[in-house]
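A quick write-up on the structure given underneath.
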Amino acid sequence: MKYNRIRDLREDRDMNQTQIAQMLGMSQTGYSKYETGENDIPTSVLIKLAKFYNTSIDFLLGQTDNPKRY
């Protein structure tokens, strides 16, 4: 499963993978594998990304088209 939404949200903020990886405390290579779907995103990382982008985990995972957090 590719995680296109995390890539799209990152690009919408004009950020690169290295910047997001640093925010998450990981390598750019490790983060890149999340965007491409090579690795599944751990729950703890999903929570950090949802908070950072102010969106829901369901939106990040493509389970809803509504980006609002509840």
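Following the order of the structure tokens, chains are lettered A, B, ..., residues in each are numbered from 1, and ligands are numbered from 1.
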
Can you list every residue of segment 47-70 of chain A that has an atom at most 9 Å from segment 4-18 of chain A, with its nearest atom pair and the distance in Å to one decimal, using only C-alpha atoms, ordered by chain then number, as CSV?
```
residue,atom,partner,partner_atom,distance
A:Leu49,CA,A:Ile6,CA,8.0
A:Tyr53,CA,A:Leu9,CA,7.2
A:Phe59,CA,A:Arg5,CA,7.8
A:Leu60,CA,A:Arg5,CA,5.7
A:Leu61,CA,A:Arg5,CA,7.5
A:Gly62,CA,A:Arg5,CA,7.4
```

*Show which residues sit within 9 Å of Ser32 of chain A, as an MDAnalysis selection string. Count only C-alpha atoms, and ignore same-chain residues fewer than 5 positions away.*
chainID A and resid 17:18 21 27 37:39

Just to be explicit: take each residue in the selection above, keep N, CA and C atoms, and write the result as a PDB file, in the first residue's frame.
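Generated output (part_35.pdb):
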```pdb
ATOM      1  N   GLN A  17      11.533  15.120   2.295  1.00  0.00           N
ATOM      2  CA  GLN A  17      11.502  13.934   3.144  1.00  0.00           C
ATOM      3  C   GLN A  17      12.461  14.052   4.316  1.00  0.00           C
ATOM      4  N   THR A  18      13.594  14.682   4.103  1.00  0.00           N
ATOM      5  CA  THR A  18      14.576  14.832   5.177  1.00  0.00           C
ATOM      6  C   THR A  18      14.005  15.660   6.327  1.00  0.00           C
ATOM      7  N   ALA A  21      11.490  13.489   8.178  1.00  0.00           N
ATOM      8  CA  ALA A  21      12.222  12.440   8.886  1.00  0.00           C
ATOM      9  C   ALA A  21      12.872  12.993  10.149  1.00  0.00           C
ATOM     10  N   SER A  27      15.638   8.377   9.872  1.00  0.00           N
ATOM     11  CA  SER A  27      16.392   8.674   8.654  1.00  0.00           C
ATOM     12  C   SER A  27      15.455   9.003   7.505  1.00  0.00           C
ATOM     13  N   GLY A  37       5.375   2.810   0.439  1.00  0.00           N
ATOM     14  CA  GLY A  37       4.654   1.618   0.851  1.00  0.00           C
ATOM     15  C   GLY A  37       5.547   0.412   1.055  1.00  0.00           C
ATOM     16  N   GLU A  38       6.858   0.610   0.953  1.00  0.00           N
ATOM     17  CA  GLU A  38       7.791  -0.502   1.175  1.00  0.00           C
ATOM     18  C   GLU A  38       7.709  -0.990   2.619  1.00  0.00           C
ATOM     19  N   ASN A  39       7.485  -0.045   3.546  1.00  0.00           N
ATOM     20  CA  ASN A  39       7.288  -0.386   4.963  1.00  0.00           C
ATOM     21  C   ASN A  39       5.962   0.177   5.434  1.00  0.00           C
TER      22      ASN A  39
END
```

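Atom CA of Ile57 of chain A to atom CA of Gly30 of chain A spans 19.4 Å [interatomic distance, one decimal].
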
*helix (DSSP H, G or I) per DSSP on the backbone: members of segment 16-56 of chain A, as a PyMOL selection string*: chain A and resi 17-24+28-36+43-53

_Selected residue, from A:Tyr31, A:Lys2, A:Met23, A:Pro67, that lies nearest to Lys48 of chain A when counting only C-alpha atoms_ =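 Selected residue with least distance to Lys48 of chain A: A:Met23.
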
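The neighbours of Asn66 of chain A here are the residues that come within 9 Å of it, using only C-alpha atoms and leaving out any residue fewer than 4 positions away in the same chain; they are A:Thr55, A:Ser56, A:Asp58, A:Phe59.
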
Take the residues from that selection and write them out as a JSON list (two decimals), in the first residue's frame, keeping N, CA and C atoms.
```json
[["chain", "number", "residue", "atom", "x", "y", "z"],
["A", 55, "THR", "N", -4.69, 16.35, 10.95],
["A", 55, "THR", "CA", -5.66, 15.55, 10.22],
["A", 55, "THR", "C", -5.87, 14.22, 10.95],
["A", 56, "SER", "N", -6.76, 13.42, 10.46],
["A", 56, "SER", "CA", -7.04, 12.14, 11.12],
["A", 56, "SER", "C", -6.15, 11.03, 10.55],
["A", 58, "ASP", "N", -7.28, 8.13, 9.86],
["A", 58, "ASP", "CA", -8.08, 7.54, 8.79],
["A", 58, "ASP", "C", -7.83, 8.24, 7.46],
["A", 59, "PHE", "N", -7.70, 9.56, 7.50],
["A", 59, "PHE", "CA", -7.41, 10.31, 6.27],
["A", 59, "PHE", "C", -6.03, 9.94, 5.73]]
```

*Grab the atom CA of Arg69 of chain A to atom CA of Ile20 of chain A distance for me, in Å with one decimal place.*
20.3 Å

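Here atom CA of Tyr3 of chain A and atom CA of Glu35 of chain A stand 5.0 Å from one another.
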